[in-house]
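> Quick one: this structure, given as structure tokens, is what I'll be asking you about.
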Amino acid sequence: MQIADDVPPGLTALDRPNSYIGRSVPRPNLARLAQGRAQYVSDVVLPRMAHAVFVRSPHAHARIKHVDTAAAKKAPSVIAVVTGAELAKVITPWVGVLTHLKGLKSAPQHAIAIDRACWQGEAVCAVVARTRAEAEDACELVEVEYEPLPAVTDPETALDPKTPLIQPELGDNLCFERKLDAGEVDKAFAESDAVVETTFMFGRHTGVCNEPRAVVADWNPGEQRLTVYHGTQAPHMMQNLFAKHLDLAEHQVRVLTKDVGGSFGIKVHTYADEMATVALSKLLKRPVKFVADRVESFVTDIHARDHRIKAKIGVKNDGTITAFEIDDLTGIGPYSVYPRTSGIEANQIVNLVGGPYTCMNYRALARVVFMNKNVMCQYRAVGHPIAVAVTEGLVELAAAKIGMDPVDLRRKNLFADDAYPAASAAGLKFEALSHHASTDKLVKMMDYPALRTEQQRLRGQGICRGIGFASFIEVTNPSAAFYGVGGAKISSQDGVTMKLDAQGSISCHTGVSEQGQGAEAVIAQVAATAFGVPMERVRVVMGDTDNTPYGGGTWASRAAGIGGEAAWQAGKALRQNVLTAAGSILQARPEALDIRNGIVIDADTGNERIGLDEVARVCYFRPDTLPPGFQAELMATRHYVPRAWPFAFTNGIQAAYLEVDIDTGFVTLIKHWCVEDCGTVINPQLVDEQIRGGVVQGIGAALFEHCLYDERGQLLNGNMADYLVPMAAEMPDIECGHVVSPTADSELGAKGAGEAGTAGAPASVMNAINDALRPLGAAPLTDMPFTPGKILRALGKV
């Protein structure tokens, strides 16, 4: 384990001459993006391209009695008006279930609703015209006769026998249920000196990406091939799904993902309107484009985090945690989202609660119920912010109950840094974590004793400041245990093909994708280091199913740990191939040679022997001069999948320092800290910016973001004026630190870092607010987001 102040020290096998590992190098795509030369799906224009716009249900639940398309078909520039029944002849429905989530069920979902609309915003008809504006105008001419049906909008009553069934063929409104009972929970609570019980509420929210969802589908009847330009996180997954539901062979489908303006998990799912757009292209035999507008995004982009959790913790007077118990109820939409399902978030919460701690007495119940609201699925740090908030909220409430410093209580119960391998009460297997080293580093970074002194001094002046902590674990580098074992064709492995061109540069084709997080830079750094060329001589190709090895794409903080390891192995293999060729040319032993700065050298002396351009010239254009029987192979492909551990867990701890105005209820964020252990740090700047971005999204969940519905299932704030997101002016300085515990499951040793900030930020802010208000006798706040109104109610002022 290493404590990293700036970059990690020597990295053994990774510490090659001129290594880029551990260096904050600029992103290769930075200049292009900064100059406005990115190519998003919205920029794609094809000959004969038409635009699709959808007529969407204004009702949360209604029977579709009749769709009159006659007037719309006569509108200017309209090419087609297509109902759900008509499109169902082209594309088959899907069901979002995984076999390893026992009992998970869902009804088939169509690209366009046929008989019933089951949430406000579900598409009931498509209009295709030459321009978006003309398609929108024609949508106004489509007349839909609805029969409103009762809407299920309260998860607390969804399972009541008197509540109407959303999908009658399923028998009830229960999508998924999981129970876990580990240790001796009842005995542990009975023997506790103190027991704390509370209910946590988490407001439903969504990703609000800079670039909305977008797709251009181009069915070429001559070639019998479909090309899809798609803003997705998983091109190969979508290739498979488009082929499956359009009755095509996979080789007939090419998915191209160019620049993507943010995803956060929003763009890793199957969306009905995107599937409909692809089907419309096949039906009409021409390119069709769909770009969601912001209002559509709010009612169709997946939502997440809508949970009510009754939670309980037992503790001894010496601070020993004796037991955890949770009862989680979450309301999703009318369907489980395909193919990752809407059961994973609740399942993750059951797995993760209590995860950092040695307490082995743990009981959990999680129920996922259908509702007539927008669909819910995985969003950045799936389940982590909820599990961490419940765990860490309970820990700090317990510390206050027994009069113990919250840092001391954590130190008493966190897994020891030398106790690995270890397993949690829920059965999670940990290879090597660093909770205590991370906590020590955080306390030092924030000067915790001085901060407590300042807090006490300001309280004497009537200023209410709070300090809150949150220890966390994070799932990264997932193996097939996440989705593959459940039958989903979502790749856990990734591949890289690396080849030397005729001028001595290399191209690196990878299955991971760039969403703005810096994956292109990380792959280039690893490839340049492994092979031995300057980074500017590496070209990274990604997001093209015709030209990249099969891979999982970008999700669950996997790009660096899995895609990076594949690049490392491919670089090593290509280097060996090139050195073998160079040895043949130079009549030298390949093992006596190396590649440094793009030149083949003597490994021992560093003397330059031959340039890569000359090796390429001989191998490509004068192979007749090589020894008889020798064939140069200047291309190598390698794949990697984690095998020793189902997940590479990372860990860390966050702290928030804030001030609460007790007259207005407003919260001012003063400073935020995060110490994270993501294994080998490949690019410190990118890691820190991923952490900071994640913290900002977590703060959004804690203080601002909430999709508000009324009892009829109508979204009340589906626009950027009413849906609050964190802005720069409200954000504190966010200081990052690192501890390094590389995973031994790969040579690179990298774990993920993309979701750590989001995982711990809501809990630390919640705990800081409660720490600020505790001396005033306010009831603990556990209902996110913590709006000024909720704070004033806790203070008894409204």
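Quick note on naming: the chains in the structure tokens go A, B, ... in the order shown, residues restart at 1 in each chain, and ligands are numbered from 1 in order of appearance.
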When you look at Ala62 (chain A) with a cut-off of 10 Å (counting only C-alpha atoms), what residues show up, excluding the ones that are within fewer than 4 positions of it in the same chain? I need them as an MDAnalysis selection string.
chainID A and resid 57:58 115:120 145:151
> Region 199-284 of chain A: which residues are alpha helix (DSSP H) by DSSP, as a PyMOL selection string?
chain A and resi 235-245+272-284
> Could you give me, as a PDB file with C-alpha atoms, in the first residue's frame, the residues within 10 Å of region 499-507 of chain A, counting only C-alpha atoms and dropping anything in the same chain fewer than 5 positions from it?

ATOM      1  CA  ALA A 524      -2.984   6.077 -25.133  1.00  0.00           C
ATOM      2  CA  ALA A 527      -0.275   1.767 -25.000  1.00  0.00           C
ATOM      3  CA  ALA A 528       2.636   4.203 -25.354  1.00  0.00           C
ATOM      4  CA  PHE A 531       5.092  -0.508 -26.503  1.00  0.00           C
ATOM      5  CA  VAL A 533       6.735   5.167 -28.286  1.00  0.00           C
ATOM      6  CA  PRO A 534       5.947   8.805 -27.468  1.00  0.00           C
ATOM      7  CA  MET A 535       2.270   9.274 -26.746  1.00  0.00           C
ATOM      8  CA  GLU A 536       1.825  11.565 -29.752  1.00  0.00           C
ATOM      9  CA  ARG A 537       2.609   8.557 -31.953  1.00  0.00           C
ATOM     10  CA  VAL A 538      -0.396   6.621 -30.631  1.00  0.00           C
ATOM     11  CA  ARG A 539      -3.783   6.851 -32.308  1.00  0.00           C
ATOM     12  CA  VAL A 540      -6.704   5.447 -30.330  1.00  0.00           C
ATOM     13  CA  VAL A 541      -9.712   4.116 -32.235  1.00  0.00           C
ATOM     14  CA  ALA A 570      -1.478  -5.857 -26.476  1.00  0.00           C
ATOM     15  CA  GLY A 571       1.365  -3.334 -26.233  1.00  0.00           C
ATOM     16  CA  LEU A 574       3.296  -6.033 -30.230  1.00  0.00           C
ATOM     17  CA  ARG A 575       6.612  -4.909 -28.741  1.00  0.00           C
ATOM     18  CA  VAL A 578       8.468  -5.917 -33.435  1.00  0.00           C
ATOM     19  CA  GLY A 598      10.109   4.895 -30.966  1.00  0.00           C
ATOM     20  CA  ILE A 599      13.592   3.511 -31.606  1.00  0.00           C
ATOM     21  CA  GLY A 611      14.041   3.179 -36.123  1.00  0.00           C
ATOM     22  CA  LEU A 612      10.563   1.719 -36.095  1.00  0.00           C
ATOM     23  CA  ASP A 613       9.941   3.296 -39.486  1.00  0.00           C
ATOM     24  CA  GLU A 614      12.789   1.282 -40.923  1.00  0.00           C
ATOM     25  CA  VAL A 615      11.537  -1.928 -39.289  1.00  0.00           C
ATOM     26  CA  ALA A 616       8.119  -1.245 -40.823  1.00  0.00           C
ATOM     27  CA  ARG A 617       9.629  -0.469 -44.245  1.00  0.00           C
ATOM     28  CA  VAL A 618      11.511  -3.742 -44.378  1.00  0.00           C
ATOM     29  CA  CYS A 619       8.616  -5.846 -43.049  1.00  0.00           C
ATOM     30  CA  TYR A 620       5.904  -4.273 -45.168  1.00  0.00           C
ATOM     31  CA  PHE A 621       7.742  -3.510 -48.426  1.00  0.00           C
ATOM     32  CA  GLU A 633       3.566  -9.926 -37.418  1.00  0.00           C
ATOM     33  CA  LEU A 634       3.231  -6.210 -36.762  1.00  0.00           C
ATOM     34  CA  MET A 635      -0.209  -6.483 -35.199  1.00  0.00           C
ATOM     35  CA  ALA A 636      -1.330  -7.987 -31.903  1.00  0.00           C
ATOM     36  CA  THR A 637      -4.708  -8.442 -30.229  1.00  0.00           C
TER      37      THR A 637
END
> Counting only C-alpha atoms, which residue out of A:Gly760, A:Gly393, A:Pro334, A:Pro549 sits closest to Ile473 (chain A)?
A:Gly760
> Out of A:Gly355, A:Gly789, A:Gly22, A:Gly314, which residue has the shortest atom-to-atom distance to Ile402 (chain A) when counting only C-alpha atoms?
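Closest candidate: A:Gly314.
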> Excluding region 189-195 of chain A and its own-chain neighbours fewer than 5 positions away, which residues fall within 9 Å of it when counting only C-alpha atoms? Please give them as JSON, numbers by chain.
{"A": [184, 312, 313, 314, 315, 316, 317, 321, 322, 323, 324, 398, 401, 402]}
> Those residues with N, CA, C and O atoms, as a compact mmCIF listing (two decimals), in the first residue's frame please?

# COMPACT_ATOMS: atom_id res chain seq x y z
N GLU A 184 -26.35 -13.28 13.68
CA GLU A 184 -27.42 -13.37 14.68
C GLU A 184 -27.92 -11.96 14.98
O GLU A 184 -27.55 -11.34 15.97
N LYS A 312 -31.64 0.47 10.77
CA LYS A 312 -31.41 0.28 12.20
C LYS A 312 -29.96 -0.14 12.41
O LYS A 312 -29.41 -0.93 11.64
N ILE A 313 -29.36 0.37 13.49
CA ILE A 313 -28.00 0.00 13.85
C ILE A 313 -27.93 -0.24 15.36
O ILE A 313 -28.61 0.46 16.14
N GLY A 314 -27.16 -1.23 15.75
CA GLY A 314 -26.89 -1.47 17.17
C GLY A 314 -25.44 -1.17 17.45
O GLY A 314 -24.56 -1.40 16.61
N VAL A 315 -25.15 -0.70 18.68
CA VAL A 315 -23.79 -0.31 19.02
C VAL A 315 -23.57 -0.52 20.51
O VAL A 315 -24.49 -0.38 21.33
N LYS A 316 -22.34 -0.89 20.87
CA LYS A 316 -21.93 -0.97 22.26
C LYS A 316 -21.43 0.40 22.72
O LYS A 316 -21.08 1.26 21.91
N ASN A 317 -21.34 0.58 24.01
CA ASN A 317 -20.85 1.86 24.54
C ASN A 317 -19.40 2.13 24.17
O ASN A 317 -18.96 3.29 24.15
N ILE A 321 -19.86 -1.74 16.61
CA ILE A 321 -21.13 -1.91 15.90
C ILE A 321 -21.55 -3.37 16.02
O ILE A 321 -20.77 -4.28 15.71
N THR A 322 -22.78 -3.61 16.43
CA THR A 322 -23.24 -4.98 16.66
C THR A 322 -24.11 -5.52 15.54
O THR A 322 -24.11 -6.72 15.27
N ALA A 323 -24.88 -4.65 14.86
CA ALA A 323 -25.79 -5.16 13.82
C ALA A 323 -26.29 -4.02 12.95
O ALA A 323 -26.37 -2.86 13.38
N PHE A 324 -26.62 -4.37 11.70
CA PHE A 324 -27.33 -3.49 10.77
C PHE A 324 -28.60 -4.19 10.31
O PHE A 324 -28.62 -5.42 10.17
N ALA A 398 -25.31 6.86 15.54
CA ALA A 398 -24.90 6.01 16.66
C ALA A 398 -23.79 6.65 17.46
O ALA A 398 -23.78 6.61 18.70
N LYS A 401 -25.27 9.18 19.62
CA LYS A 401 -26.07 8.58 20.68
C LYS A 401 -25.20 8.17 21.88
O LYS A 401 -25.60 8.33 23.04
N ILE A 402 -24.00 7.65 21.61
CA ILE A 402 -23.14 7.19 22.71
C ILE A 402 -22.07 8.22 23.06
O ILE A 402 -21.22 7.96 23.92
> Pick from A:Lys285, A:His59, A:His245, A:Arg23: nearest to Ala80 (chain A), with only C-alpha atoms counted?
A:Lys285
> Mind checking which residues fall within 12 Å of region 347-350 of chain A, counting only C-alpha atoms, ignoring those fewer than 5 positions away in the same chain, and posting them as a ChimeraX atom specification?
/A:98,100-102,104,176-182,305,307-309,311,324-330,341-342,355,362-368,377-378,381-391,424-428,473-475,482,759
> Using only C-alpha atoms, which protein or nucleic acid residues come within 7 Å of Ser764 (chain A)? Drop anything in the same chain fewer than 5 positions from it, and give the result as a PyMOL selection string.
chain A and resi 468-470+654-656
> Contacts of region 702-704 of chain A at 12 Å or less, counting only C-alpha atoms, minus same-chain residues fewer than 3 places along, as a PDB file with C-alpha atoms, in the first residue's frame?

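The result, written out as out24.pdb:
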ATOM      1  CA  MET A 201     -35.746   8.911   1.861  1.00  0.00           C
ATOM      2  CA  PHE A 202     -33.981   9.424  -1.462  1.00  0.00           C
ATOM      3  CA  GLY A 203     -35.491  11.661  -4.114  1.00  0.00           C
ATOM      4  CA  ARG A 204     -35.832  10.310  -7.643  1.00  0.00           C
ATOM      5  CA  HIS A 205     -33.515  12.117 -10.038  1.00  0.00           C
ATOM      6  CA  THR A 206     -31.859  11.786 -13.433  1.00  0.00           C
ATOM      7  CA  ARG A 305     -32.525   6.645  -6.558  1.00  0.00           C
ATOM      8  CA  PRO A 385     -24.877   6.706  -2.733  1.00  0.00           C
ATOM      9  CA  ILE A 386     -27.936   5.167  -1.080  1.00  0.00           C
ATOM     10  CA  ALA A 389     -25.861   7.301   3.087  1.00  0.00           C
ATOM     11  CA  ALA A 656     -17.859  17.867   4.065  1.00  0.00           C
ATOM     12  CA  GLY A 665     -32.466  27.030   5.786  1.00  0.00           C
ATOM     13  CA  PHE A 666     -29.825  27.570   3.114  1.00  0.00           C
ATOM     14  CA  VAL A 667     -26.666  25.472   3.138  1.00  0.00           C
ATOM     15  CA  THR A 668     -23.306  26.951   2.161  1.00  0.00           C
ATOM     16  CA  LEU A 669     -20.678  24.400   1.201  1.00  0.00           C
ATOM     17  CA  VAL A 695     -18.717  14.775  -5.822  1.00  0.00           C
ATOM     18  CA  VAL A 696     -20.651  17.516  -7.625  1.00  0.00           C
ATOM     19  CA  GLN A 697     -23.270  15.003  -8.799  1.00  0.00           C
ATOM     20  CA  GLY A 698     -23.480  13.640  -5.277  1.00  0.00           C
ATOM     21  CA  ILE A 699     -23.986  17.137  -3.892  1.00  0.00           C
ATOM     22  CA  CYS A 707     -38.021  14.600 -10.052  1.00  0.00           C
ATOM     23  CA  LEU A 708     -41.317  15.659  -8.492  1.00  0.00           C
ATOM     24  CA  ASP A 722     -37.642  23.933 -12.209  1.00  0.00           C
ATOM     25  CA  TYR A 723     -35.291  20.943 -11.912  1.00  0.00           C
ATOM     26  CA  LEU A 724     -32.337  22.171  -9.872  1.00  0.00           C
ATOM     27  CA  VAL A 725     -28.810  21.038 -10.677  1.00  0.00           C
ATOM     28  CA  PRO A 726     -25.603  22.039  -8.882  1.00  0.00           C
ATOM     29  CA  MET A 727     -23.920  25.083 -10.379  1.00  0.00           C
ATOM     30  CA  GLU A 730     -22.576  26.808  -5.148  1.00  0.00           C
ATOM     31  CA  MET A 731     -19.718  24.300  -5.215  1.00  0.00           C
ATOM     32  CA  THR A 758     -20.840  10.271  -6.239  1.00  0.00           C
ATOM     33  CA  ALA A 759     -20.834   7.357  -3.802  1.00  0.00           C
ATOM     34  CA  GLY A 760     -19.779   9.294  -0.710  1.00  0.00           C
ATOM     35  CA  ALA A 761     -20.785  12.916  -1.251  1.00  0.00           C
ATOM     36  CA  PRO A 762     -24.502  12.721  -0.333  1.00  0.00           C
ATOM     37  CA  ALA A 763     -23.752  10.949   2.959  1.00  0.00           C
ATOM     38  CA  SER A 764     -21.009  13.357   4.003  1.00  0.00           C
ATOM     39  CA  VAL A 765     -23.214  16.383   3.261  1.00  0.00           C
ATOM     40  CA  MET A 766     -26.151  14.829   5.143  1.00  0.00           C
ATOM     41  CA  ASN A 767     -23.959  14.086   8.148  1.00  0.00           C
ATOM     42  CA  ALA A 768     -22.487  17.583   8.101  1.00  0.00           C
ATOM     43  CA  ILE A 769     -25.952  19.179   8.096  1.00  0.00           C
ATOM     44  CA  LEU A 781     -32.510  15.051   8.521  1.00  0.00           C
ATOM     45  CA  THR A 782     -32.614  11.890   6.409  1.00  0.00           C
ATOM     46  CA  ASP A 783     -34.896  12.892   3.514  1.00  0.00           C
ATOM     47  CA  MET A 784     -32.897  13.893   0.417  1.00  0.00           C
ATOM     48  CA  PRO A 785     -32.649  16.416  -1.086  1.00  0.00           C
ATOM     49  CA  PHE A 786     -32.179  18.636   1.955  1.00  0.00           C
ATOM     50  CA  THR A 787     -34.031  21.723   0.829  1.00  0.00           C
ATOM     51  CA  PRO A 788     -34.295  24.925   2.882  1.00  0.00           C
ATOM     52  CA  GLY A 789     -37.920  24.050   3.677  1.00  0.00           C
ATOM     53  CA  LYS A 790     -36.987  20.667   5.147  1.00  0.00           C
ATOM     54  CA  ILE A 791     -34.243  22.242   7.242  1.00  0.00           C
TER      55      ILE A 791
END
> Under the rule that only C-alpha atoms are counted, which of A:Ser557, A:Gln587, A:Asn547, A:Thr497 is the nearest residue to Arg638 (chain A)?
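Nearest to Arg638 (chain A): A:Thr497.
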> So, counting only C-alpha atoms, which residue among A:Ala582, A:Val675, A:Ile691, A:Leu256 is closest to Lys444 (chain A)?
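With only C-alpha atoms as the atom set, the closest residue is A:Val675.
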